[in-house]
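To be precise, the following lines are coords_6.cif, and they hold mmCIF, C-alpha atoms.
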```cif
data_upload
loop_
_atom_site.label_atom_id
_atom_site.label_comp_id
_atom_site.auth_asym_id
_atom_site.auth_seq_id
_atom_site.Cartn_x
_atom_site.Cartn_y
_atom_site.Cartn_z
CA MET O 1 5.15 24.63 -5.92
CA GLY O 2 4.87 21.08 -4.64
CA GLN O 3 5.63 17.96 -6.62
CA LEU O 4 4.75 14.28 -6.67
CA VAL O 5 8.17 12.72 -7.20
CA PHE O 6 7.65 8.98 -6.74
CA ALA O 7 4.87 6.38 -6.85
CA ALA O 8 4.77 2.68 -6.00
CA LYS O 9 2.60 -0.28 -5.06
CA VAL O 10 4.15 -2.36 -2.28
CA THR O 11 3.65 -5.43 -0.12
CA HIS O 12 3.43 -5.41 3.69
CA ILE O 13 3.26 -9.15 4.44
CA PRO O 14 3.99 -10.03 8.09
CA ARG O 15 6.28 -12.90 7.09
CA MET O 16 8.93 -10.30 6.21
CA VAL O 17 9.26 -9.57 9.92
CA LEU O 18 9.92 -13.25 10.64
CA SER O 19 12.31 -13.35 7.69
CA GLU O 20 14.76 -10.99 9.38
CA LEU O 21 14.65 -12.78 12.74
CA PRO O 22 16.72 -15.83 13.78
CA GLY O 23 14.85 -19.09 13.38
CA PRO O 24 13.53 -21.51 10.77
CA LEU O 25 12.01 -18.73 8.64
CA HIS O 26 15.11 -16.54 8.57
CA GLY O 27 15.62 -15.26 5.03
CA CYS O 28 12.33 -16.67 3.72
CA ARG O 29 11.21 -13.32 2.28
CA ASP O 30 14.53 -11.67 1.47
CA ASP O 31 13.21 -10.93 -2.02
CA ALA O 32 10.37 -8.76 -0.74
CA ILE O 33 12.60 -7.09 1.86
CA GLN O 34 15.25 -6.23 -0.70
CA GLY O 35 12.55 -4.81 -2.98
CA LEU O 36 11.30 -2.52 -0.22
CA GLN O 37 14.83 -1.45 0.62
CA ASP O 38 15.36 -0.58 -3.04
CA ILE O 39 12.12 1.43 -3.10
CA GLY O 40 13.06 3.20 0.14
CA GLN O 41 16.37 4.27 -1.33
CA ARG O 42 14.62 5.51 -4.46
CA ILE O 43 12.28 7.59 -2.31
CA VAL O 44 15.29 9.19 -0.64
CA ASP O 45 17.03 9.69 -3.99
CA SER O 46 13.88 11.35 -5.40
CA GLY O 47 14.25 14.11 -2.83
CA ALA O 48 10.89 13.37 -1.23
CA ASP O 49 10.45 14.95 2.17
CA THR O 50 7.25 12.97 2.89
CA VAL O 51 5.81 9.60 1.93
CA VAL O 52 2.02 9.30 1.86
CA ILE O 53 1.02 5.68 2.45
CA LEU O 54 -2.40 4.45 1.35
CA ASP O 55 -2.86 1.77 3.99
CA THR O 56 -5.25 -1.14 3.33
CA HIS O 57 -5.03 -2.13 6.99
CA TRP O 58 -6.74 1.09 8.02
CA LEU O 59 -10.41 0.16 7.64
CA SER O 60 -12.95 2.94 7.40
CA ASN O 61 -16.69 2.35 7.52
CA ALA O 62 -17.53 6.03 6.89
CA ALA O 63 -15.51 8.76 5.13
CA TYR O 64 -11.84 8.75 4.20
CA HIS O 65 -9.30 9.53 6.91
CA VAL O 66 -5.77 10.92 7.17
CA ASN O 67 -3.49 10.69 10.20
CA ALA O 68 -2.19 14.23 10.76
CA CYS O 69 -0.13 13.65 13.89
CA ALA O 70 3.33 15.23 14.03
CA ASP O 71 5.09 12.31 15.65
CA PHE O 72 4.77 8.53 15.84
CA GLN O 73 6.70 6.46 18.36
CA GLY O 74 5.95 3.12 19.95
CA VAL O 75 5.99 -0.64 19.80
CA PHE O 76 3.49 -2.47 17.61
CA THR O 77 2.08 -5.98 17.94
CA SER O 78 -0.49 -7.05 15.39
CA ASN O 79 -3.82 -8.27 16.75
CA GLU O 80 -4.32 -10.00 13.40
CA PHE O 81 -0.96 -11.83 13.33
CA PRO O 82 0.45 -11.65 16.88
CA THR O 83 2.80 -14.56 16.18
CA GLN O 84 4.33 -12.76 13.18
CA ILE O 85 4.47 -9.08 14.10
CA GLU O 86 5.39 -8.77 17.76
CA ALA O 87 7.06 -5.80 19.42
CA LEU O 88 7.96 -3.97 16.20
CA GLU O 89 9.52 -0.67 17.25
CA TYR O 90 8.85 2.44 15.22
CA ASP O 91 9.89 6.09 15.30
CA HIS O 92 8.58 8.40 12.56
CA ALA O 93 7.86 12.07 12.02
CA GLY O 94 4.52 13.09 10.55
CA ASN O 95 3.56 16.01 8.33
CA PRO O 96 0.41 17.63 9.76
CA SER O 97 0.20 20.46 7.23
CA LEU O 98 0.29 18.10 4.25
CA ALA O 99 -2.15 15.69 5.90
CA LYS O 100 -4.65 18.50 6.46
CA ALA O 101 -4.20 19.76 2.91
CA LEU O 102 -4.89 16.30 1.48
CA ALA O 103 -8.09 15.96 3.48
CA ALA O 104 -9.27 19.48 2.69
CA GLN O 105 -8.75 19.10 -1.05
CA ALA O 106 -10.52 15.72 -1.25
CA THR O 107 -13.43 17.15 0.73
CA GLU O 108 -13.49 20.21 -1.54
CA ARG O 109 -13.74 17.83 -4.49
CA GLY O 110 -16.82 16.21 -2.99
CA VAL O 111 -15.53 13.22 -1.00
CA LEU O 112 -15.57 13.74 2.77
CA THR O 113 -12.03 13.18 4.07
CA ILE O 114 -11.07 13.94 7.66
CA ALA O 115 -7.61 14.72 9.06
CA HIS O 116 -6.95 13.67 12.66
CA GLU O 117 -4.37 14.97 15.15
CA ASN O 118 -5.35 12.43 17.80
CA ARG O 119 -2.32 10.83 19.42
CA ASN O 120 -4.49 7.86 20.41
CA LEU O 121 -5.03 7.07 16.71
CA GLY O 122 -2.22 4.65 15.99
CA LEU O 123 -0.60 3.58 12.74
CA GLU O 124 -1.55 0.25 11.20
CA TYR O 125 0.95 -2.27 9.92
CA GLY O 126 0.19 -1.45 6.30
CA THR O 127 2.14 1.72 7.11
CA LEU O 128 4.57 0.45 9.74
CA VAL O 129 5.89 -2.60 7.89
CA PRO O 130 6.80 -0.81 4.63
CA MET O 131 8.33 2.09 6.58
CA HIS O 132 10.39 -0.40 8.58
CA PHE O 133 11.76 -2.24 5.57
CA MET O 134 12.19 0.85 3.41
CA LYS O 135 14.47 2.00 6.23
CA LEU O 136 13.04 5.52 6.17
CA ARG O 137 12.52 6.02 9.89
CA ARG O 138 12.99 9.80 10.35
CA ARG O 139 14.79 10.33 7.06
CA VAL O 140 11.39 11.02 5.42
CA LYS O 141 8.13 12.09 7.08
CA VAL O 142 5.06 9.88 6.83
CA VAL O 143 1.34 10.53 6.35
CA SER O 144 -0.97 7.51 6.62
CA VAL O 145 -4.31 7.39 4.79
CA SER O 146 -7.19 4.95 5.27
CA GLY O 147 -6.95 2.63 2.28
CA TRP O 148 -9.74 0.14 3.03
CA LEU O 149 -13.10 1.76 2.43
CA ALA O 150 -15.76 -0.79 3.21
CA TYR O 151 -18.69 1.03 1.63
CA SER O 152 -17.07 3.37 -0.87
CA THR O 153 -16.51 2.85 -4.60
CA ILE O 154 -13.43 2.53 -6.74
CA ASP O 155 -14.46 5.69 -8.58
CA GLU O 156 -14.65 7.63 -5.31
CA SER O 157 -11.15 6.52 -4.41
CA ARG O 158 -9.86 7.58 -7.83
CA ARG O 159 -11.33 11.03 -7.17
CA VAL O 160 -9.65 11.17 -3.77
CA GLY O 161 -6.32 10.26 -5.38
CA ALA O 162 -6.73 13.00 -8.00
CA ALA O 163 -7.51 15.50 -5.23
CA PHE O 164 -4.41 14.39 -3.33
CA ARG O 165 -2.29 15.16 -6.40
CA GLU O 166 -3.83 18.64 -6.54
CA ALA O 167 -3.08 19.22 -2.85
CA ILE O 168 0.50 18.04 -3.25
CA GLU O 169 1.12 20.35 -6.20
CA ALA O 170 -0.49 23.29 -4.40
CA GLY O 171 1.95 22.84 -1.52
CA ASP O 172 5.68 23.31 -1.31
CA GLY O 173 7.09 19.85 -0.67
CA LYS O 174 8.21 16.80 -2.61
CA VAL O 175 6.02 13.77 -1.96
CA ALA O 176 6.19 10.03 -2.61
CA LEU O 177 2.87 8.17 -2.86
CA VAL O 178 2.80 4.50 -1.90
CA ALA O 179 -0.14 2.10 -2.14
CA SER O 180 0.35 -0.56 0.53
CA GLY O 181 -1.59 -3.76 -0.11
CA SER O 182 -1.69 -7.02 -1.99
CA LEU O 183 -3.28 -7.84 -5.32
CA SER O 184 -5.60 -10.84 -4.78
CA HIS O 185 -6.09 -11.42 -1.08
CA ARG O 186 -7.90 -14.69 -0.43
CA ILE O 187 -5.89 -16.13 2.44
CA HIS O 188 -5.98 -19.91 2.76
CA ASP O 189 -8.63 -21.52 4.92
CA ASN O 190 -7.62 -21.80 8.55
CA ALA O 191 -7.13 -25.59 8.44
CA VAL O 192 -4.31 -25.30 5.91
CA VAL O 193 -3.00 -21.73 6.13
CA PHE O 194 0.20 -22.66 7.99
CA ASP O 195 0.92 -25.53 5.61
CA ARG O 196 0.75 -23.54 2.34
CA PRO O 197 2.71 -20.30 2.76
CA TYR O 198 3.90 -20.18 -0.85
CA GLU O 199 0.84 -21.39 -2.76
CA THR O 200 -2.15 -19.59 -4.25
CA SER O 201 -5.54 -20.12 -2.70
CA ASP O 202 -7.06 -20.41 -6.19
CA GLU O 203 -5.40 -20.53 -9.60
CA PHE O 204 -8.03 -18.14 -10.94
CA PHE O 205 -6.78 -15.43 -8.56
CA ARG O 206 -3.16 -15.99 -9.59
CA GLN O 207 -4.00 -15.78 -13.28
CA CYS O 208 -5.96 -12.55 -12.77
CA ASP O 209 -3.02 -11.06 -10.86
CA LEU O 210 -0.59 -11.98 -13.61
CA ARG O 211 -2.86 -10.49 -16.26
CA ALA O 212 -3.18 -7.29 -14.23
CA LEU O 213 0.59 -6.99 -13.91
CA ASP O 214 1.00 -7.64 -17.62
CA LEU O 215 -1.30 -4.68 -18.30
CA TRP O 216 0.68 -2.56 -15.84
CA GLN O 217 3.96 -3.33 -17.55
CA GLN O 218 2.49 -2.50 -20.95
CA GLY O 219 1.03 0.77 -19.69
CA ARG O 220 -2.50 -0.31 -20.58
CA TRP O 221 -4.11 1.55 -17.71
CA LYS O 222 -7.44 2.30 -19.35
CA GLU O 223 -8.06 -1.46 -19.63
CA PHE O 224 -6.86 -2.12 -16.11
CA ASN O 225 -9.00 0.67 -14.67
CA ALA O 226 -12.04 -0.78 -16.46
CA MET O 227 -11.45 -4.20 -14.91
CA LEU O 228 -10.45 -2.96 -11.44
CA PRO O 229 -13.87 -2.86 -9.72
CA THR O 230 -14.72 -6.44 -10.74
CA TYR O 231 -11.16 -7.69 -10.24
CA ALA O 232 -11.01 -6.27 -6.73
CA ARG O 233 -14.22 -8.05 -5.70
CA ALA O 234 -13.82 -11.31 -7.61
CA CYS O 235 -10.25 -11.81 -6.35
CA TYR O 236 -10.75 -10.42 -2.83
CA GLY O 237 -8.32 -7.55 -3.47
CA GLU O 238 -6.90 -6.30 -0.20
CA GLY O 239 -8.94 -3.38 1.09
CA TRP O 240 -10.99 -3.89 -2.09
CA MET O 241 -7.93 -2.30 -3.77
CA HIS O 242 -8.94 1.23 -2.85
CA ASP O 243 -5.23 1.96 -2.34
CA THR O 244 -4.57 1.11 -5.98
CA ALA O 245 -7.52 3.22 -7.13
CA MET O 246 -6.27 6.23 -5.17
CA LEU O 247 -2.74 5.77 -6.51
CA LEU O 248 -3.94 5.61 -10.11
CA GLY O 249 -6.25 8.58 -9.57
CA ALA O 250 -3.22 10.60 -8.48
CA LEU O 251 -1.30 9.45 -11.56
CA GLY O 252 -3.98 10.56 -13.99
CA GLY O 253 -6.38 7.62 -14.23
CA ASP O 254 -6.99 6.50 -17.80
CA ASP O 255 -4.57 9.16 -19.08
CA TYR O 256 -1.61 7.71 -17.19
CA GLN O 257 0.90 6.20 -19.63
CA GLY O 258 3.74 4.96 -17.45
CA LYS O 259 4.89 1.36 -17.70
CA ALA O 260 5.27 -0.29 -14.32
CA GLU O 261 8.69 -1.51 -13.24
CA ILE O 262 8.46 -4.72 -11.25
CA VAL O 263 11.01 -4.47 -8.45
CA THR O 264 10.08 -7.69 -6.64
CA PRO O 265 8.54 -10.22 -9.07
CA TYR O 266 5.05 -11.48 -8.29
CA PHE O 267 5.01 -13.92 -5.40
CA LEU O 268 2.49 -15.77 -3.25
CA ALA O 269 2.04 -15.41 0.50
CA SER O 270 -0.42 -17.61 2.37
CA GLY O 271 -2.72 -17.67 -0.64
CA THR O 272 -2.43 -13.99 -1.58
CA GLY O 273 -0.76 -12.32 -4.56
CA GLN O 274 2.01 -9.82 -3.83
CA VAL O 275 4.34 -7.46 -5.70
CA ASN O 276 6.63 -4.48 -5.26
CA ALA O 277 6.28 -2.22 -8.29
CA VAL O 278 7.32 1.32 -9.19
CA LEU O 279 4.99 3.40 -11.34
CA PRO O 280 7.13 5.97 -13.16
CA LEU O 281 6.10 9.59 -13.29
CA ARG O 282 7.96 10.36 -16.52
#
```
Let me see the structure of the file written as structure tokens.
Amino acid sequence: MGQLVFAAKVTHIPRMVLSELPGPLHGCRDDAIQGLQDIGQRIVDSGADTVVILDTHWLSNAAYHVNACADFQGVFTSNEFPTQIEALEYDHAGNPSLAKALAAQATERGVLTIAHENRNLGLEYGTLVPMHFMKLRRRVKVVSVSGWLAYSTIDESRRVGAAFREAIEAGDGKVALVASGSLSHRIHDNAVVFDRPYETSDEFFRQCDLRALDLWQQGRWKEFNAMLPTYARACYGEGWMHDTAMLLGALGGDDYQGKAEIVTPYFLASGTGQVNAVLPLR
């Protein structure tokens, strides 16, 4: 019988890549990097053979999607931030059988979800950046899921997450589930974005993020779930926070009682709100 053994919400900000390179920004995001390294080690320690990443940089305009390729190798440069993520090498093993099972179960539960074994379908940096800094490489397999659903609902994503949990437990592996995306995500206006890397774009967004994290740490998930649809829209949540909805659906929705552990304290990145947090399963 399969088991969900680890769950987390993580950042994937491009500035982490610059932080590990020589130059004026070297070390600027060591806090976030160290948090991801910690989470990566915990994934290994949990015995997980696969990490499923709910990637808010994989935009879907119709249906939910799962990358079911067996192997991922290449060099990635971001078309969104080509000056920050350039020539990032990656080498990961996939898990086609799990990917197909996730898609089949979500579809069975009434939300069309499609698994793809198309080698031309690449990974987005919402998957590649956390995998890089968690230092998992081929130590743990990876399955990437579209986590930005332009025309879906938070409730639909919760249902997909619940179906994923069912598929995991019907299998025979140990799986970590990681939501990859920010909290509020209103990047600064272009005229000032390079001048304000460590400031919020609006104090309202920061205060909403802090309140959300307070609820997480208290285990008040029913209240957070009730506010999530409005919060995601009002504060420009990354990918409309469908990654978070799927994660919480897999953890039990309103019935989840775990108290979040903040691994990297809340921080700001070019106007957006970021965190690395573990959501305990016991």
**Asked** Evaluating the PyMOL selection byres ((chain O and resi 81) around 12) on the displayed file yields which residues, as number ranges by chain?
**Response** O: 13-15, 17-18, 76-80, 82-87, 125
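In this comparison, which uses only C-alpha atoms, the residue of O:Ala106, O:Cys208, O:Ala191, O:Met131 approaching Ile33 (chain O) most closely is O:Met131.
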**Asked** What residues come out when you apply the PyMOL selection byres ((chain O and resi 135) around 10) to this file, written as number ranges by chain?
**Response** O: 36-41, 44, 129-134, 136-140
**Item:** Explicit residues for the PyMOL selection byres ((chain O and resi 118) around 10) (as a ChimeraX atom specification)
**Value:** /O:67-70,115-117,119-122
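Ranking O:Gln218, O:Thr11, O:Ser46, O:Ser152 by their shortest atom-to-atom distance to Arg29 (chain O), with only C-alpha atoms included, puts O:Thr11 first.
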